[in-house]
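What follows is the content of protein31.pdb (PDB, C-alpha atoms).
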ATOM      1  CA  MET A   1     113.303  89.277 302.567
ATOM      2  CA  THR A   2     109.838  90.328 301.456
ATOM      3  CA  LEU A   3     107.790  87.806 299.498
ATOM      4  CA  MET A   4     105.482  89.489 296.993
ATOM      5  CA  LYS A   5     102.628  87.855 295.122
ATOM      6  CA  THR A   6     100.572  89.299 292.296
ATOM      7  CA  LEU A   7      96.831  89.251 292.833
ATOM      8  CA  LEU A   8      94.326  90.128 290.152
ATOM      9  CA  PRO A   9      91.667  92.601 291.293
ATOM     10  CA  ILE A  10      88.580  91.595 293.222
ATOM     11  CA  SER A  11      85.135  92.610 291.986
ATOM     12  CA  THR A  12      82.972  91.429 294.845
ATOM     13  CA  ALA A  13      79.346  90.399 294.372
ATOM     14  CA  PRO A  14      76.958  92.307 296.614
ATOM     15  CA  LEU A  15      75.652  91.577 300.061
ATOM     16  CA  THR A  16      73.783  94.884 300.008
ATOM     17  CA  CYS A  17      73.223  97.766 297.638
ATOM     18  CA  ARG A  18      75.827  99.738 299.576
ATOM     19  CA  SER A  19      78.478  97.061 299.105
ATOM     20  CA  ILE A  20      77.913  96.668 295.373
ATOM     21  CA  ILE A  21      78.166 100.429 294.916
ATOM     22  CA  SER A  22      81.469 100.676 296.781
ATOM     23  CA  MET A  23      83.001  97.613 295.138
ATOM     24  CA  MET A  24      81.838  98.587 291.647
ATOM     25  CA  GLN A  25      83.356 102.025 292.152
ATOM     26  CA  MET A  26      86.648 100.383 293.073
ATOM     27  CA  HIS A  27      86.407  98.135 290.011
ATOM     28  CA  THR A  28      85.572 101.026 287.719
ATOM     29  CA  SER A  29      88.429 103.087 289.105
ATOM     30  CA  PHE A  30      90.878 100.269 288.415
ATOM     31  CA  ASP A  31      89.590  99.649 284.908
ATOM     32  CA  ARG A  32      90.016 103.287 284.000
ATOM     33  CA  SER A  33      93.620 103.389 285.104
ATOM     34  CA  LYS A  34      96.294 103.912 282.475
ATOM     35  CA  SER A  35      98.489 101.057 283.655
ATOM     36  CA  SER A  36     100.113  99.282 280.721
ATOM     37  CA  SER A  37      99.919  95.990 282.613
ATOM     38  CA  HIS A  38      96.149  96.187 282.959
ATOM     39  CA  PRO A  39      94.368  97.551 279.875
ATOM     40  CA  SER A  40      91.469  99.866 280.527
ATOM     41  CA  ASN A  41      88.970  97.533 278.889
ATOM     42  CA  SER A  42      89.729  94.630 281.268
ATOM     43  CA  ARG A  43      86.715  93.025 282.935
ATOM     44  CA  TYR A  44      86.970  90.461 285.661
ATOM     45  CA  PHE A  45      83.365  89.316 285.646
ATOM     46  CA  SER A  46      80.494  89.506 283.193
ATOM     47  CA  ILE A  47      76.748  89.790 283.578
ATOM     48  CA  ARG A  48      74.837  86.502 283.485
ATOM     49  CA  THR A  49      72.161  87.167 280.886
ATOM     50  CA  SER A  50      70.545  86.024 277.652
ATOM     51  CA  SER A  51      70.962  87.456 274.175
ATOM     52  CA  PHE A  52      67.371  88.688 273.944
ATOM     53  CA  ILE A  53      67.649  90.679 277.182
ATOM     54  CA  ASP A  54      68.759  93.796 275.418
ATOM     55  CA  GLY A  55      67.328  97.071 274.217
ATOM     56  CA  ASP A  56      67.358 100.795 274.799
ATOM     57  CA  ASN A  57      65.137 100.396 277.858
ATOM     58  CA  VAL A  58      67.261  97.615 279.436
ATOM     59  CA  ILE A  59      69.877  98.461 282.064
ATOM     60  CA  GLU A  60      72.051  96.350 284.354
ATOM     61  CA  ALA A  61      71.659  96.424 288.115
ATOM     62  CA  CYS A  62      75.122  97.898 288.593
ATOM     63  CA  GLN A  63      74.320 100.713 286.141
ATOM     64  CA  TYR A  64      71.299 101.642 288.226
ATOM     65  CA  LEU A  65      73.143 101.396 291.547
ATOM     66  CA  LEU A  66      76.034 103.500 290.283
ATOM     67  CA  LYS A  67      73.547 106.028 288.872
ATOM     68  CA  GLU A  68      74.993 105.588 285.401
ATOM     69  CA  LYS A  69      71.467 105.127 284.052
ATOM     70  CA  GLU A  70      68.107 106.151 285.449
ATOM     71  CA  ALA A  71      64.988 104.043 285.779
ATOM     72  CA  GLY A  72      61.628 105.164 284.445
ATOM     73  CA  GLN A  73      58.363 105.485 286.330
ATOM     74  CA  THR A  74      57.326 101.861 285.708
ATOM     75  CA  ASN A  75      59.923  99.120 285.967
ATOM     76  CA  VAL A  76      60.425  95.378 285.694
ATOM     77  CA  ILE A  77      63.323  93.709 287.479
ATOM     78  CA  ILE A  78      64.516  90.399 286.059
ATOM     79  CA  GLY A  79      65.983  88.513 289.011
ATOM     80  CA  GLY A  80      64.564  88.016 292.478
ATOM     81  CA  GLU A  81      67.686  87.620 294.575
ATOM     82  CA  LEU A  82      69.140  90.168 296.986
ATOM     83  CA  THR A  83      70.209  92.809 294.484
ATOM     84  CA  GLY A  84      66.974  92.684 292.505
ATOM     85  CA  VAL A  85      64.744  92.932 295.569
ATOM     86  CA  GLU A  86      66.789  95.750 297.117
ATOM     87  CA  ILE A  87      66.528  97.698 293.864
ATOM     88  CA  ALA A  88      62.774  97.122 293.909
ATOM     89  CA  TYR A  89      62.664  98.555 297.421
ATOM     90  CA  ASP A  90      64.681 101.576 296.341
ATOM     91  CA  LEU A  91      62.362 102.187 293.399
ATOM     92  CA  VAL A  92      59.148 102.090 295.442
ATOM     93  CA  ASN A  93      60.782 104.391 297.995
ATOM     94  CA  HIS A  94      61.159 106.889 295.151
ATOM     95  CA  GLY A  95      57.499 106.592 294.232
ATOM     96  CA  LYS A  96      58.027 104.333 291.223
ATOM     97  CA  LYS A  97      56.203 101.182 290.205
ATOM     98  CA  VAL A  98      58.029  97.886 289.961
ATOM     99  CA  ALA A  99      57.430  94.182 289.374
ATOM    100  CA  ILE A 100      59.903  91.322 289.896
ATOM    101  CA  LEU A 101      60.312  88.343 287.558
ATOM    102  CA  GLU A 102      62.208  85.301 288.854
ATOM    103  CA  MET A 103      62.755  82.082 286.910
ATOM    104  CA  LYS A 104      63.126  79.933 290.046
ATOM    105  CA  ASP A 105      60.208  78.852 292.222
ATOM    106  CA  THR A 106      61.103  81.254 294.994
ATOM    107  CA  ILE A 107      63.000  84.478 295.603
ATOM    108  CA  LEU A 108      65.783  85.434 298.013
ATOM    109  CA  GLU A 109      67.411  82.017 298.093
ATOM    110  CA  GLY A 110      71.005  83.187 297.704
ATOM    111  CA  LYS A 111      73.632  81.000 299.336
ATOM    112  CA  PHE A 112      75.014  83.748 301.562
ATOM    113  CA  LEU A 113      71.768  85.583 302.342
ATOM    114  CA  SER A 114      70.965  85.748 306.046
ATOM    115  CA  GLU A 115      67.532  84.807 307.333
ATOM    116  CA  ALA A 116      67.135  88.251 308.901
ATOM    117  CA  ASN A 117      67.730  90.031 305.580
ATOM    118  CA  SER A 118      65.479  87.607 303.737
ATOM    119  CA  ASN A 119      62.614  88.046 306.188
ATOM    120  CA  MET A 120      62.952  91.833 306.162
ATOM    121  CA  LEU A 121      62.868  92.037 302.374
ATOM    122  CA  ARG A 122      59.931  89.639 302.105
ATOM    123  CA  GLN A 123      58.018  91.857 304.511
ATOM    124  CA  ILE A 124      58.935  94.915 302.423
ATOM    125  CA  ILE A 125      57.541  93.210 299.326
ATOM    126  CA  LYS A 126      54.322  92.522 301.209
ATOM    127  CA  ASP A 127      54.043  96.012 302.727
ATOM    128  CA  TYR A 128      54.615  97.771 299.405
ATOM    129  CA  ASP A 129      52.510  95.260 297.457
ATOM    130  CA  ILE A 130      55.288  94.597 294.928
ATOM    131  CA  PRO A 131      54.146  92.057 292.303
ATOM    132  CA  VAL A 132      56.445  89.013 292.200
ATOM    133  CA  TYR A 133      56.224  86.352 289.493
ATOM    134  CA  THR A 134      58.202  83.218 290.345
ATOM    135  CA  GLY A 135      58.714  80.423 287.840
ATOM    136  CA  ALA A 136      58.584  83.094 285.138
ATOM    137  CA  SER A 137      60.307  82.669 281.785
ATOM    138  CA  VAL A 138      61.033  85.861 279.869
ATOM    139  CA  LYS A 139      60.189  85.580 276.167
ATOM    140  CA  LEU A 140      60.430  89.091 274.791
ATOM    141  CA  ILE A 141      61.469  92.579 275.787
ATOM    142  CA  ASN A 142      60.467  95.600 273.756
ATOM    143  CA  GLU A 143      59.808  99.297 274.278
ATOM    144  CA  ASN A 144      56.438  98.503 275.876
ATOM    145  CA  GLY A 145      57.623  96.090 278.529
ATOM    146  CA  VAL A 146      58.255  92.385 279.096
ATOM    147  CA  GLU A 147      56.439  89.343 277.739
ATOM    148  CA  PHE A 148      56.871  86.193 279.826
ATOM    149  CA  GLU A 149      55.452  82.754 280.529
ATOM    150  CA  TYR A 150      53.846  82.361 283.944
ATOM    151  CA  GLN A 151      51.873  79.345 285.152
ATOM    152  CA  GLY A 152      51.300  78.166 281.605
ATOM    153  CA  GLU A 153      50.086  81.531 280.357
ATOM    154  CA  THR A 154      51.710  84.315 278.387
ATOM    155  CA  ARG A 155      51.628  87.600 280.241
ATOM    156  CA  VAL A 156      52.876  91.116 279.591
ATOM    157  CA  VAL A 157      54.034  93.651 282.172
ATOM    158  CA  ALA A 158      54.340  97.229 280.961
ATOM    159  CA  ALA A 159      57.622  98.933 281.787
ATOM    160  CA  ASP A 160      59.549 102.056 280.891
ATOM    161  CA  THR A 161      62.722 100.351 282.128
ATOM    162  CA  VAL A 162      63.833  96.734 282.492
ATOM    163  CA  ILE A 163      66.571  96.153 285.066
ATOM    164  CA  THR A 164      68.572  92.924 284.906
ATOM    165  CA  ALA A 165      69.734  91.524 288.240
ATOM    166  CA  THR A 166      70.544  88.033 287.028
ATOM    167  CA  GLY A 167      73.931  87.549 288.677
ATOM    168  CA  TYR A 168      77.467  87.327 287.376
ATOM    169  CA  ILE A 169      79.775  84.730 285.912
ATOM    170  CA  SER A 170      83.548  84.650 286.281
ATOM    171  CA  GLN A 171      85.447  85.913 283.292
ATOM    172  CA  VAL A 172      89.092  86.921 283.295
ATOM    173  CA  THR A 173      91.776  87.490 280.698
ATOM    174  CA  ILE A 174      95.270  87.367 282.106
ATOM    175  CA  PRO A 175      97.335  90.350 280.854
ATOM    176  CA  ASP A 176     100.266  89.219 278.721
ATOM    177  CA  GLY A 177     102.757  90.763 281.104
ATOM    178  CA  LEU A 178     101.593  88.500 283.947
ATOM    179  CA  LYS A 179     101.158  85.168 282.184
ATOM    180  CA  ASP A 180     104.746  84.043 282.630
ATOM    181  CA  LEU A 181     105.270  85.323 286.160
ATOM    182  CA  PRO A 182     105.299  82.948 289.149
ATOM    183  CA  GLY A 183     102.933  83.513 292.027
ATOM    184  CA  VAL A 184     100.077  85.021 289.997
ATOM    185  CA  HIS A 185      96.690  84.172 291.450
ATOM    186  CA  ILE A 186      93.134  84.685 290.257
ATOM    187  CA  ILE A 187      91.025  85.781 293.224
ATOM    188  CA  GLY A 188      87.598  87.141 294.054
ATOM    189  CA  ASP A 189      84.852  87.044 291.452
ATOM    190  CA  ALA A 190      87.380  86.502 288.687
ATOM    191  CA  ASN A 191      87.984  83.076 290.223
ATOM    192  CA  LYS A 192      84.489  82.284 291.502
ATOM    193  CA  VAL A 193      81.567  84.639 291.954
ATOM    194  CA  GLY A 194      80.703  84.938 295.620
ATOM    195  CA  ASN A 195      80.330  87.747 298.129
ATOM    196  CA  SER A 196      82.484  89.944 300.332
ATOM    197  CA  PHE A 197      83.197  87.053 302.695
ATOM    198  CA  SER A 198      84.133  84.453 300.109
ATOM    199  CA  SER A 199      86.379  86.934 298.300
ATOM    200  CA  TYR A 200      88.958  86.676 301.067
ATOM    201  CA  ALA A 201      87.955  83.450 302.843
ATOM    202  CA  GLU A 202      88.413  81.249 299.805
ATOM    203  CA  PRO A 203      91.871  80.749 298.301
ATOM    204  CA  GLY A 204      92.682  82.109 294.868
ATOM    205  CA  LYS A 205      93.534  79.990 291.864
ATOM    206  CA  ASN A 206      97.264  79.823 291.179
ATOM    207  CA  PHE A 207      97.529  80.746 287.516
ATOM    208  CA  CYS A 208     101.229  80.282 286.870
ATOM    209  CA  GLY A 209     102.202  77.749 289.494
TER
END
Please lay out the structure from this file as structure tokens.
Amino acid sequence: MTLMKTLLPISTAPLTCRSIISMMQMHTSFDRSKSSSHPSNSRYFSIRTSSFIDGDNVIEACQYLLKEKEAGQTNVIIGGELTGVEIAYDLVNHGKKVAILEMKDTILEGKFLSEANSNMLRQIIKDYDIPVYTGASVKLINENGVEFEYQGETRVVAADTVITATGYISQVTIPDGLKDLPGVHIIGDANKVGNSFSSYAEPGKNFCG
């Protein structure tokens, strides 16, 4: 006898730009399916952001990585963890200007980030002279750039494009057709945002018992 369990899709948080691209493509492909059990507008995680981080010149990290939206010549990245810093590296490699704003006191402090990756990216920031503002609090975004508090002063960084790399929060709506079925589990980022290791190493949440 074969025992079958229903698992909701995994949308895995990135370890590298390459991994977020591949996993987001898988997620997008699933969302666009015409399955009646999983409506096309389902989302299993949402962007961690603030209401004022919005505007025609604001794009999400995944939109940039999937090439859904293009960055301008001058850019500000909000978020100094792995994804934000790797995007900064990609931008300077394409001859574009970029600055990083991070609300914490340091960058690249992700739970699953290896020391080797952290050291490499810190050296890249130094070699390419990428401005990094830690302890920064964003106050305003408009068509001219970003206004933020830094070391007790209000500063403005000009930007054609603002890229948000502020992380994700779990968010899942169980399709009606699955709510009453036994053995339904919430797994991956829908259960708890992590990375490609935690998505299979950590057990899912049993939704229906």
Quick one: everything within 10 Å of Tyr150 (chain A), counting only C-alpha atoms, minus sequence neighbours fewer than 2 positions away in the same chain. Send it as a short mmCIF file (atom, residue, chain, number, x, y, z; two decimals) with C-alpha atoms, keeping the file's coordinate frame.
data_model
loop_
_atom_site.label_atom_id
_atom_site.label_comp_id
_atom_site.auth_asym_id
_atom_site.auth_seq_id
_atom_site.Cartn_x
_atom_site.Cartn_y
_atom_site.Cartn_z
CA LEU A 101 60.31 88.34 287.56
CA MET A 103 62.76 82.08 286.91
CA TYR A 133 56.22 86.35 289.49
CA THR A 134 58.20 83.22 290.35
CA GLY A 135 58.71 80.42 287.84
CA ALA A 136 58.58 83.09 285.14
CA SER A 137 60.31 82.67 281.79
CA VAL A 138 61.03 85.86 279.87
CA GLU A 147 56.44 89.34 277.74
CA PHE A 148 56.87 86.19 279.83
CA GLY A 152 51.30 78.17 281.60
CA GLU A 153 50.09 81.53 280.36
CA THR A 154 51.71 84.32 278.39
CA ARG A 155 51.63 87.60 280.24
CA VAL A 156 52.88 91.12 279.59
#
Item to check | Minimum-distance residue to Ile77 (chain A), chosen among A:Leu121, A:Ala165, A:Ile107, A:Ala190 (using all atoms listed in the file) | outcome: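 Between A:Leu121, A:Ala165, A:Ile107, A:Ala190, the residue approaching Ile77 (chain A) most closely is A:Ala165.
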Next on the checklist: As a check of understanding, name the residues that the PyMOL selection byres ((chain A and resi 124) around 12) selects in the supplied structure, as number ranges by chain.
Outcome noted: A: 85-90, 92-93, 117-123, 125-131
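CA of Val76 (chain A) lies 10.3 Å from CA of Ile141 (chain A).
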Around all the atoms of region 58-72 of chain A listed in the file, with 3 Å of room on each side, what axis-aligned box do you get, giving centre and edge lengths in Å to one decimal, as AutoDock Vina command-line options?
--center_x 68.8 --center_y 101.3 --center_z 285.5 --size_x 20.4 --size_y 15.8 --size_z 18.1
Next on the checklist: Using Å and a single decimal, report how far CA of Ser114 (chain A) sits from CA of Thr161 (chain A).
Outcome noted: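 According to the coordinates, CA of Thr161 (chain A) and CA of Ser114 (chain A) are separated by 29.2 Å.
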Checklist entry - Which value, in Å to one decimal, gives the distance between CA of Val184 (chain A) and CA of Gly167 (chain A)? => result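 CA of Gly167 (chain A) lies 26.3 Å from CA of Val184 (chain A).
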Item to check | Selection: 8 Å around Ile78 (chain A), all atoms listed in the file, excl. self and same-chain fewer than 5 positions, as a ChimeraX atom specification | outcome: /A:84,100-102,162-166
Item to check | Among listed residues A:Leu82, A:Leu108, A:Ile186, A:Val98, nearest Ile174 (chain A) (using all atoms listed in the file) | outcome: A:Ile186
